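**Student:** The structure file protein.txt (compact mmCIF, C-alpha atoms and all ligand atoms) is provided below.
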# COMPACT_ATOMS: atom_id res chain seq x y z
CA MET E 243 -46.51 -20.85 -47.23
CA PRO E 244 -49.33 -19.83 -49.55
CA THR E 245 -51.81 -22.49 -50.55
CA PRO E 246 -51.80 -23.35 -54.29
CA ASP E 247 -54.93 -21.21 -54.65
CA ALA E 248 -53.12 -18.21 -53.21
CA LYS E 249 -50.28 -18.34 -55.75
CA PRO E 250 -49.97 -15.23 -57.86
CA ASP E 251 -50.74 -15.28 -61.54
CA PHE E 252 -47.28 -15.79 -63.03
CA GLU E 253 -46.03 -14.45 -66.34
CA LEU E 254 -42.56 -15.38 -67.55
CA VAL E 255 -41.12 -12.80 -69.89
CA SER E 256 -38.93 -14.78 -72.23
CA HIS E 257 -36.82 -15.02 -75.31
CA ARG E 258 -37.23 -18.23 -77.29
CA LEU E 259 -33.64 -19.39 -77.01
CA CYS E 260 -32.57 -18.02 -73.65
CA PRO E 261 -31.12 -20.71 -71.36
CA TYR E 262 -31.71 -18.49 -68.29
CA VAL E 263 -35.40 -18.32 -69.15
CA GLN E 264 -35.37 -22.09 -69.46
CA ARG E 265 -34.08 -22.38 -65.89
CA ALA E 266 -37.10 -20.52 -64.60
CA ALA E 267 -39.44 -22.51 -66.87
CA ILE E 268 -37.93 -25.78 -65.62
CA VAL E 269 -38.53 -24.83 -61.99
CA LEU E 270 -42.09 -23.73 -62.80
CA ALA E 271 -42.68 -27.09 -64.49
CA GLU E 272 -40.97 -29.06 -61.73
CA LYS E 273 -43.12 -27.33 -59.12
CA ASP E 274 -46.24 -27.68 -61.23
CA VAL E 275 -46.91 -23.96 -61.21
CA PRO E 276 -49.07 -22.70 -64.08
CA PHE E 277 -47.70 -19.67 -65.89
CA ARG E 278 -48.08 -17.65 -69.05
CA ARG E 279 -45.12 -16.98 -71.29
CA THR E 280 -44.59 -13.71 -73.09
CA ILE E 281 -41.89 -13.83 -75.72
CA ILE E 282 -40.07 -10.66 -76.63
CA ASP E 283 -37.55 -9.78 -79.31
CA LEU E 284 -34.34 -8.77 -77.57
CA ALA E 285 -33.23 -7.01 -80.74
CA ASP E 286 -36.31 -4.80 -80.53
CA ARG E 287 -37.22 -4.54 -76.86
CA PRO E 288 -40.74 -3.23 -76.24
CA ASP E 289 -41.01 -0.09 -74.12
CA TRP E 290 -42.91 -1.84 -71.34
CA PHE E 291 -40.01 -4.32 -71.07
CA ARG E 292 -37.40 -1.58 -70.93
CA LYS E 293 -39.28 -0.03 -68.04
CA LEU E 294 -39.63 -3.29 -66.12
CA SER E 295 -36.24 -4.92 -66.64
CA PRO E 296 -33.50 -3.03 -64.83
CA LEU E 297 -30.76 -4.89 -66.71
CA GLY E 298 -32.66 -5.14 -69.99
CA LYS E 299 -32.47 -8.94 -69.77
CA VAL E 300 -34.83 -11.88 -69.71
CA PRO E 301 -36.15 -13.69 -67.78
CA LEU E 302 -38.55 -11.55 -65.80
CA LEU E 303 -41.10 -13.19 -63.58
CA MET E 304 -44.13 -10.98 -63.23
CA THR E 305 -46.34 -11.75 -60.28
CA ASP E 306 -49.56 -9.97 -59.35
CA ASP E 307 -47.74 -6.91 -58.10
CA GLU E 308 -43.99 -7.51 -58.40
CA VAL E 309 -41.44 -8.03 -61.12
CA LEU E 310 -38.49 -10.28 -60.37
CA PHE E 311 -35.33 -10.45 -62.45
CA GLU E 312 -32.27 -12.77 -62.42
CA SER E 313 -32.94 -16.44 -63.08
CA ALA E 314 -31.30 -17.73 -59.89
CA VAL E 315 -33.39 -15.40 -57.74
CA ILE E 316 -36.56 -16.31 -59.62
CA ALA E 317 -35.79 -20.01 -59.21
CA GLU E 318 -35.25 -19.67 -55.45
CA TYR E 319 -38.39 -17.62 -55.03
CA LEU E 320 -40.46 -20.22 -56.86
CA ASP E 321 -38.88 -22.95 -54.77
CA GLU E 322 -39.67 -21.13 -51.55
CA ILE E 323 -43.34 -20.49 -52.25
CA THR E 324 -44.11 -24.06 -53.28
CA PRO E 325 -44.01 -27.38 -51.42
CA GLY E 326 -40.72 -29.31 -51.44
CA ARG E 327 -37.19 -27.93 -51.40
CA MET E 328 -34.79 -27.85 -54.34
CA LEU E 329 -31.92 -26.63 -52.14
CA PRO E 330 -30.40 -28.50 -49.19
CA ALA E 331 -31.48 -27.65 -45.63
CA ASP E 332 -27.89 -27.43 -44.36
CA PRO E 333 -26.62 -23.82 -44.73
CA LEU E 334 -23.16 -24.82 -45.91
CA ALA E 335 -24.48 -27.28 -48.48
CA ARG E 336 -27.02 -24.67 -49.60
CA ALA E 337 -24.24 -22.11 -50.04
CA ARG E 338 -22.31 -24.65 -52.12
CA HIS E 339 -25.32 -25.24 -54.34
CA ARG E 340 -25.82 -21.50 -54.86
CA ALA E 341 -22.15 -21.15 -55.75
CA THR E 342 -22.51 -23.99 -58.25
CA VAL E 343 -25.50 -22.26 -59.87
CA GLU E 344 -23.26 -19.20 -60.28
CA PHE E 345 -20.51 -21.40 -61.70
CA VAL E 346 -22.92 -22.88 -64.23
CA SER E 347 -23.92 -19.33 -65.25
CA ALA E 348 -20.26 -18.74 -66.08
CA LEU E 349 -20.32 -21.95 -68.13
CA LEU E 350 -23.36 -20.66 -70.07
CA SER E 351 -21.45 -17.49 -70.76
CA ASP E 352 -18.49 -19.52 -72.10
CA ILE E 353 -20.93 -21.46 -74.27
CA ALA E 354 -22.32 -18.22 -75.70
CA GLY E 355 -18.72 -17.16 -76.42
CA PHE E 356 -18.17 -20.47 -78.19
CA TYR E 357 -21.12 -20.30 -80.56
CA SER E 358 -20.47 -16.66 -81.34
CA ALA E 359 -16.68 -16.98 -81.73
CA LYS E 360 -15.39 -14.82 -84.56
CA ASP E 361 -12.41 -16.99 -85.48
CA THR E 362 -10.71 -20.29 -84.74
CA ALA E 363 -8.50 -18.84 -82.01
CA ALA E 364 -11.55 -17.52 -80.12
CA LEU E 365 -13.34 -20.83 -80.65
CA GLU E 366 -10.38 -22.73 -79.19
CA GLU E 367 -10.16 -20.37 -76.25
CA GLN E 368 -13.83 -20.91 -75.42
CA ARG E 369 -13.51 -24.64 -75.95
CA ALA E 370 -10.73 -24.75 -73.33
CA LYS E 371 -12.83 -22.75 -70.87
CA ILE E 372 -15.86 -25.02 -71.36
CA ARG E 373 -13.73 -28.14 -70.96
CA SER E 374 -12.15 -26.88 -67.76
CA LYS E 375 -15.55 -25.98 -66.26
CA LEU E 376 -17.03 -29.35 -67.21
CA GLU E 377 -14.03 -31.04 -65.59
CA TRP E 378 -14.58 -29.06 -62.39
CA LEU E 379 -18.23 -30.08 -62.41
CA GLU E 380 -17.29 -33.70 -63.01
CA ASP E 381 -15.00 -33.56 -59.97
CA HIS E 382 -17.83 -32.20 -57.83
CA LEU E 383 -20.53 -34.66 -58.81
CA GLY E 384 -21.66 -37.33 -56.41
CA ASP E 385 -23.14 -40.67 -57.34
CA GLY E 386 -26.13 -39.09 -59.07
CA PRO E 387 -28.39 -39.32 -60.79
CA PHE E 388 -28.68 -35.61 -59.90
CA PHE E 389 -26.23 -33.09 -58.49
CA ALA E 390 -27.27 -33.83 -54.93
CA GLY E 391 -28.16 -37.47 -55.38
CA GLN E 392 -31.73 -38.67 -55.80
CA ALA E 393 -33.48 -35.30 -55.76
CA PHE E 394 -33.69 -32.94 -58.74
CA GLY E 395 -32.56 -29.56 -57.42
CA LEU E 396 -31.89 -25.97 -58.39
CA VAL E 397 -28.37 -26.83 -59.58
CA ASP E 398 -29.87 -29.35 -62.01
CA ALA E 399 -32.42 -26.82 -63.22
CA ALA E 400 -29.61 -24.31 -63.75
CA MET E 401 -27.42 -26.80 -65.63
CA ALA E 402 -30.09 -28.51 -67.73
CA PRO E 403 -30.25 -25.83 -70.46
CA ALA E 404 -26.50 -26.22 -71.07
CA PHE E 405 -26.99 -29.77 -72.35
CA ARG E 406 -29.08 -28.71 -75.31
CA TYR E 407 -26.02 -27.25 -77.02
CA PHE E 408 -23.75 -30.24 -77.00
CA ASP E 409 -25.06 -32.21 -79.99
CA ALA E 410 -24.79 -29.11 -82.14
CA PHE E 411 -21.30 -28.39 -80.83
CA VAL E 412 -20.03 -31.75 -81.93
CA ARG E 413 -21.00 -30.72 -85.47
CA ILE E 414 -19.55 -27.20 -85.18
CA ALA E 415 -16.18 -28.07 -83.66
N1 LIG H 501 -27.80 -13.19 -65.08
C1 LIG H 501 -29.00 -13.20 -65.89
C2 LIG H 501 -28.60 -13.44 -67.32
C3 LIG H 501 -29.80 -13.33 -68.26
C4 LIG H 501 -29.35 -13.09 -69.69
O1 LIG H 501 -28.16 -12.90 -69.98
N2 LIG H 501 -30.32 -13.08 -70.60
C5 LIG H 501 -30.01 -12.76 -71.97
C6 LIG H 501 -30.77 -13.64 -72.95
S1 LIG H 501 -30.28 -15.35 -72.80
C7 LIG H 501 -30.45 -11.35 -72.25
O2 LIG H 501 -31.52 -10.95 -71.88
N3 LIG H 501 -29.58 -10.61 -72.94
C8 LIG H 501 -29.88 -9.28 -73.33
C9 LIG H 501 -28.72 -8.37 -73.09
O3 LIG H 501 -27.73 -8.79 -72.49
O4 LIG H 501 -28.81 -7.22 -73.49
C10 LIG H 501 -29.97 -14.25 -65.36
O5 LIG H 501 -29.49 -15.26 -64.83
O6 LIG H 501 -31.19 -14.07 -65.47
Now that the file is in, can you turn its structure into structure tokens?
**Tutor:**
Amino acid sequence: MPTPDAKPDFELVSHRLCPYVQRAAIVLAEKDVPFRRTIIDLADRPDWFRKLSPLGKVPLLMTDDEVLFESAVIAEYLDEITPGRMLPADPLARARHRATVEFVSALLSDIAGFYSAKDTAALEEQRAKIRSKLEWLEDHLGDGPFFAGQAFGLVDAAMAPAFRYFDAFVRIA
């Protein structure tokens, strides 16, 4: 494991509102890793970003000589190069946590569908999807306070950005 001094110089390519960027930023903060943030306009992607981002999406984590994409991969990488583990040691439990991160990504996608719904029918459809996913999560929670008990983990970092929407949603619908 690299010493703190050996850590690359990290740059997080971001969009101000992106919940996937926030996942990476949360893990960086949790692991006390300094980083620079570069904010881009997704409606007017700079050329350098188009070249670096194979899917045209944020976040990107730029290290000294690599560019990583996909928030879950970035989060795991950051976890692995820093002290402490945000995933369980047991392979089966770890697989379950990774699956839950993926599940929460689907929830974020439902949330995006909710706030961009074109009409009431679409809004209701997304509302039902969000409710059903939150119910599944509720059924899979332990005693807390975090997903896996006392320790804040990658599932929590993945889910945390979803909470920011809920107050606004109560006002919308
Ligand atoms: N699976 C990706 C999703 C990232 C994502 O959807 N980012 C959005 C902003 S929140 C984006 O860049 N959208 C641009 C596009 O889809 O063209 C991840 O987890 O990093």
**Student:** Given the point (-49.3, -15.4, -65.5) in the file's coordinates, find the residues that have an atom at most 7 Å from it, counting only C-alpha atoms, and give them as an mmCIF file with C-alpha atoms, keeping the file's coordinate frame.
**Tutor:**
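Resulting contents of result-v9.cif:
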data_model
loop_
_atom_site.group_PDB
_atom_site.id
_atom_site.type_symbol
_atom_site.label_atom_id
_atom_site.label_comp_id
_atom_site.auth_asym_id
_atom_site.auth_seq_id
_atom_site.Cartn_x
_atom_site.Cartn_y
_atom_site.Cartn_z
ATOM 1 C CA ASP E 251 -50.740 -15.280 -61.540
ATOM 2 C CA PHE E 252 -47.280 -15.790 -63.030
ATOM 3 C CA GLU E 253 -46.030 -14.450 -66.340
ATOM 4 C CA PHE E 277 -47.700 -19.670 -65.890
ATOM 5 C CA ARG E 278 -48.080 -17.650 -69.050
#
**Student:** At what distance in Å, to one decimal, does CA of Gln368 (chain E) lie from CA of Gly355 (chain E)?
**Tutor:**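 Distance between the two atoms: 6.2 Å.
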**Student:** Using only C-alpha atoms, which protein or nucleic acid residues come within 12 Å of Glu308 (chain E)? Drop anything in the same chain fewer than 4 positions from it, and give the result as a list of chain:residue names.
**Tutor:** E:Pro250, E:Asp251, E:Phe252, E:Glu253, E:Leu294, E:Ser295, E:Leu302, E:Leu303, E:Met304, E:Ile316
**Student:** Using C-alpha atoms, can you export the residues from the last selection as a PDB file, in the coordinates of the input?
**Tutor:**
ATOM      1  CA  PRO E 250     -49.970 -15.230 -57.860  1.00  0.00           C
ATOM      2  CA  ASP E 251     -50.740 -15.280 -61.540  1.00  0.00           C
ATOM      3  CA  PHE E 252     -47.280 -15.790 -63.030  1.00  0.00           C
ATOM      4  CA  GLU E 253     -46.030 -14.450 -66.340  1.00  0.00           C
ATOM      5  CA  LEU E 294     -39.630  -3.290 -66.120  1.00  0.00           C
ATOM      6  CA  SER E 295     -36.240  -4.920 -66.640  1.00  0.00           C
ATOM      7  CA  LEU E 302     -38.550 -11.550 -65.800  1.00  0.00           C
ATOM      8  CA  LEU E 303     -41.100 -13.190 -63.580  1.00  0.00           C
ATOM      9  CA  MET E 304     -44.130 -10.980 -63.230  1.00  0.00           C
ATOM     10  CA  ILE E 316     -36.560 -16.310 -59.620  1.00  0.00           C
TER      11      ILE E 316
END
**Student:** Go through the chains and note each residue within 10 Å of ligand LIG 501 (chain H), using only C-alpha atoms and all ligand atoms, then give the set as a PDB file with C-alpha atoms, in the frame of the given file.
**Tutor:**
ATOM      1  CA  VAL E 255     -41.120 -12.800 -69.890  1.00  0.00           C
ATOM      2  CA  SER E 256     -38.930 -14.780 -72.230  1.00  0.00           C
ATOM      3  CA  HIS E 257     -36.820 -15.020 -75.310  1.00  0.00           C
ATOM      4  CA  ARG E 258     -37.230 -18.230 -77.290  1.00  0.00           C
ATOM      5  CA  LEU E 259     -33.640 -19.390 -77.010  1.00  0.00           C
ATOM      6  CA  CYS E 260     -32.570 -18.020 -73.650  1.00  0.00           C
ATOM      7  CA  PRO E 261     -31.120 -20.710 -71.360  1.00  0.00           C
ATOM      8  CA  TYR E 262     -31.710 -18.490 -68.290  1.00  0.00           C
ATOM      9  CA  VAL E 263     -35.400 -18.320 -69.150  1.00  0.00           C
ATOM     10  CA  GLN E 264     -35.370 -22.090 -69.460  1.00  0.00           C
ATOM     11  CA  ARG E 265     -34.080 -22.380 -65.890  1.00  0.00           C
ATOM     12  CA  ALA E 266     -37.100 -20.520 -64.600  1.00  0.00           C
ATOM     13  CA  ILE E 282     -40.070 -10.660 -76.630  1.00  0.00           C
ATOM     14  CA  ASP E 283     -37.550  -9.780 -79.310  1.00  0.00           C
ATOM     15  CA  LEU E 284     -34.340  -8.770 -77.570  1.00  0.00           C
ATOM     16  CA  ALA E 285     -33.230  -7.010 -80.740  1.00  0.00           C
ATOM     17  CA  ARG E 287     -37.220  -4.540 -76.860  1.00  0.00           C
ATOM     18  CA  SER E 295     -36.240  -4.920 -66.640  1.00  0.00           C
ATOM     19  CA  LEU E 297     -30.760  -4.890 -66.710  1.00  0.00           C
ATOM     20  CA  GLY E 298     -32.660  -5.140 -69.990  1.00  0.00           C
ATOM     21  CA  LYS E 299     -32.470  -8.940 -69.770  1.00  0.00           C
ATOM     22  CA  VAL E 300     -34.830 -11.880 -69.710  1.00  0.00           C
ATOM     23  CA  PRO E 301     -36.150 -13.690 -67.780  1.00  0.00           C
ATOM     24  CA  LEU E 302     -38.550 -11.550 -65.800  1.00  0.00           C
ATOM     25  CA  LEU E 310     -38.490 -10.280 -60.370  1.00  0.00           C
ATOM     26  CA  PHE E 311     -35.330 -10.450 -62.450  1.00  0.00           C
ATOM     27  CA  GLU E 312     -32.270 -12.770 -62.420  1.00  0.00           C
ATOM     28  CA  SER E 313     -32.940 -16.440 -63.080  1.00  0.00           C
ATOM     29  CA  ALA E 314     -31.300 -17.730 -59.890  1.00  0.00           C
ATOM     30  CA  VAL E 315     -33.390 -15.400 -57.740  1.00  0.00           C
ATOM     31  CA  ILE E 316     -36.560 -16.310 -59.620  1.00  0.00           C
ATOM     32  CA  ALA E 317     -35.790 -20.010 -59.210  1.00  0.00           C
ATOM     33  CA  VAL E 343     -25.500 -22.260 -59.870  1.00  0.00           C
ATOM     34  CA  GLU E 344     -23.260 -19.200 -60.280  1.00  0.00           C
ATOM     35  CA  SER E 347     -23.920 -19.330 -65.250  1.00  0.00           C
ATOM     36  CA  ALA E 348     -20.260 -18.740 -66.080  1.00  0.00           C
ATOM     37  CA  LEU E 350     -23.360 -20.660 -70.070  1.00  0.00           C
ATOM     38  CA  SER E 351     -21.450 -17.490 -70.760  1.00  0.00           C
ATOM     39  CA  ALA E 354     -22.320 -18.220 -75.700  1.00  0.00           C
ATOM     40  CA  ALA E 400     -29.610 -24.310 -63.750  1.00  0.00           C
TER      41      ALA E 400
END
**Student:** Using only C-alpha atoms, which of the listed residues (E:Asp381, E:Ala402, E:Leu254, E:Glu322) sits closest to Ile281 (chain E)?
**Tutor:**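 Closest residue, counting only C-alpha atoms: E:Leu254.
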**Student:** Quick check, in Å to one decimal: how far apart do CA of Lys375 (chain E) and CA of Leu349 (chain E) lie?
**Tutor:** 6.5 Å
**Student:** Could region 290-314 of chain E be completed with N, CA and C atoms and written as a PDB file, in the coordinates of the input, please?
**Tutor:**
ATOM      1  N   TRP E 290     -42.491  -1.356 -72.661  1.00  0.00           N
ATOM      2  CA  TRP E 290     -42.910  -1.840 -71.340  1.00  0.00           C
ATOM      3  C   TRP E 290     -41.818  -2.718 -70.721  1.00  0.00           C
ATOM      4  N   PHE E 291     -41.082  -3.462 -71.583  1.00  0.00           N
ATOM      5  CA  PHE E 291     -40.010  -4.320 -71.070  1.00  0.00           C
ATOM      6  C   PHE E 291     -38.833  -3.477 -70.582  1.00  0.00           C
ATOM      7  N   ARG E 292     -38.491  -2.472 -71.346  1.00  0.00           N
ATOM      8  CA  ARG E 292     -37.400  -1.580 -70.930  1.00  0.00           C
ATOM      9  C   ARG E 292     -37.676  -0.975 -69.560  1.00  0.00           C
ATOM     10  N   LYS E 293     -38.929  -0.646 -69.330  1.00  0.00           N
ATOM     11  CA  LYS E 293     -39.280  -0.030 -68.040  1.00  0.00           C
ATOM     12  C   LYS E 293     -39.187  -1.043 -66.898  1.00  0.00           C
ATOM     13  N   LEU E 294     -39.539  -2.293 -67.193  1.00  0.00           N
ATOM     14  CA  LEU E 294     -39.630  -3.290 -66.120  1.00  0.00           C
ATOM     15  C   LEU E 294     -38.321  -4.009 -65.822  1.00  0.00           C
ATOM     16  N   SER E 295     -37.450  -4.108 -66.815  1.00  0.00           N
ATOM     17  CA  SER E 295     -36.240  -4.920 -66.640  1.00  0.00           C
ATOM     18  C   SER E 295     -35.039  -4.015 -66.392  1.00  0.00           C
ATOM     19  N   PRO E 296     -34.577  -3.969 -65.145  1.00  0.00           N
ATOM     20  CA  PRO E 296     -33.500  -3.030 -64.830  1.00  0.00           C
ATOM     21  C   PRO E 296     -32.208  -3.300 -65.597  1.00  0.00           C
ATOM     22  N   LEU E 297     -31.978  -4.569 -65.965  1.00  0.00           N
ATOM     23  CA  LEU E 297     -30.760  -4.890 -66.710  1.00  0.00           C
ATOM     24  C   LEU E 297     -31.040  -5.103 -68.201  1.00  0.00           C
ATOM     25  N   GLY E 298     -32.294  -4.954 -68.578  1.00  0.00           N
ATOM     26  CA  GLY E 298     -32.660  -5.140 -69.990  1.00  0.00           C
ATOM     27  C   GLY E 298     -32.591  -6.591 -70.420  1.00  0.00           C
ATOM     28  N   LYS E 299     -32.642  -7.511 -69.441  1.00  0.00           N
ATOM     29  CA  LYS E 299     -32.470  -8.940 -69.770  1.00  0.00           C
ATOM     30  C   LYS E 299     -33.706  -9.747 -69.411  1.00  0.00           C
ATOM     31  N   VAL E 300     -33.867 -10.863 -70.108  1.00  0.00           N
ATOM     32  CA  VAL E 300     -34.830 -11.880 -69.710  1.00  0.00           C
ATOM     33  C   VAL E 300     -34.065 -12.962 -68.948  1.00  0.00           C
ATOM     34  N   PRO E 301     -34.725 -13.693 -68.061  1.00  0.00           N
ATOM     35  CA  PRO E 301     -36.150 -13.690 -67.780  1.00  0.00           C
ATOM     36  C   PRO E 301     -36.567 -12.599 -66.789  1.00  0.00           C
ATOM     37  N   LEU E 302     -37.871 -12.260 -66.881  1.00  0.00           N
ATOM     38  CA  LEU E 302     -38.550 -11.550 -65.800  1.00  0.00           C
ATOM     39  C   LEU E 302     -39.674 -12.461 -65.355  1.00  0.00           C
ATOM     40  N   LEU E 303     -39.902 -12.501 -64.059  1.00  0.00           N
ATOM     41  CA  LEU E 303     -41.100 -13.190 -63.580  1.00  0.00           C
ATOM     42  C   LEU E 303     -42.030 -12.124 -63.024  1.00  0.00           C
ATOM     43  N   MET E 304     -43.175 -11.971 -63.691  1.00  0.00           N
ATOM     44  CA  MET E 304     -44.130 -10.980 -63.230  1.00  0.00           C
ATOM     45  C   MET E 304     -45.158 -11.719 -62.370  1.00  0.00           C
ATOM     46  N   THR E 305     -45.307 -11.210 -61.155  1.00  0.00           N
ATOM     47  CA  THR E 305     -46.340 -11.750 -60.280  1.00  0.00           C
ATOM     48  C   THR E 305     -47.463 -10.713 -60.252  1.00  0.00           C
ATOM     49  N   ASP E 306     -48.432 -10.899 -59.358  1.00  0.00           N
ATOM     50  CA  ASP E 306     -49.560  -9.970 -59.350  1.00  0.00           C
ATOM     51  C   ASP E 306     -49.113  -8.524 -59.202  1.00  0.00           C
ATOM     52  N   ASP E 307     -48.113  -8.305 -58.327  1.00  0.00           N
ATOM     53  CA  ASP E 307     -47.740  -6.910 -58.100  1.00  0.00           C
ATOM     54  C   ASP E 307     -46.232  -6.690 -57.987  1.00  0.00           C
ATOM     55  N   GLU E 308     -45.446  -7.641 -58.466  1.00  0.00           N
ATOM     56  CA  GLU E 308     -43.990  -7.510 -58.400  1.00  0.00           C
ATOM     57  C   GLU E 308     -43.387  -7.977 -59.713  1.00  0.00           C
ATOM     58  N   VAL E 309     -42.185  -7.499 -59.981  1.00  0.00           N
ATOM     59  CA  VAL E 309     -41.440  -8.030 -61.120  1.00  0.00           C
ATOM     60  C   VAL E 309     -40.086  -8.488 -60.592  1.00  0.00           C
ATOM     61  N   LEU E 310     -39.785  -9.759 -60.806  1.00  0.00           N
ATOM     62  CA  LEU E 310     -38.490 -10.280 -60.370  1.00  0.00           C
ATOM     63  C   LEU E 310     -37.583 -10.458 -61.569  1.00  0.00           C
ATOM     64  N   PHE E 311     -36.298 -10.185 -61.384  1.00  0.00           N
ATOM     65  CA  PHE E 311     -35.330 -10.450 -62.450  1.00  0.00           C
ATOM     66  C   PHE E 311     -34.207 -11.295 -61.875  1.00  0.00           C
ATOM     67  N   GLU E 312     -33.379 -11.852 -62.735  1.00  0.00           N
ATOM     68  CA  GLU E 312     -32.270 -12.770 -62.420  1.00  0.00           C
ATOM     69  C   GLU E 312     -32.813 -14.191 -62.191  1.00  0.00           C
ATOM     70  N   SER E 313     -32.398 -15.078 -63.085  1.00  0.00           N
ATOM     71  CA  SER E 313     -32.940 -16.440 -63.080  1.00  0.00           C
ATOM     72  C   SER E 313     -32.729 -17.170 -61.755  1.00  0.00           C
ATOM     73  N   ALA E 314     -31.555 -16.994 -61.123  1.00  0.00           N
ATOM     74  CA  ALA E 314     -31.300 -17.730 -59.890  1.00  0.00           C
ATOM     75  C   ALA E 314     -32.235 -17.267 -58.770  1.00  0.00           C
TER      76      ALA E 314
END
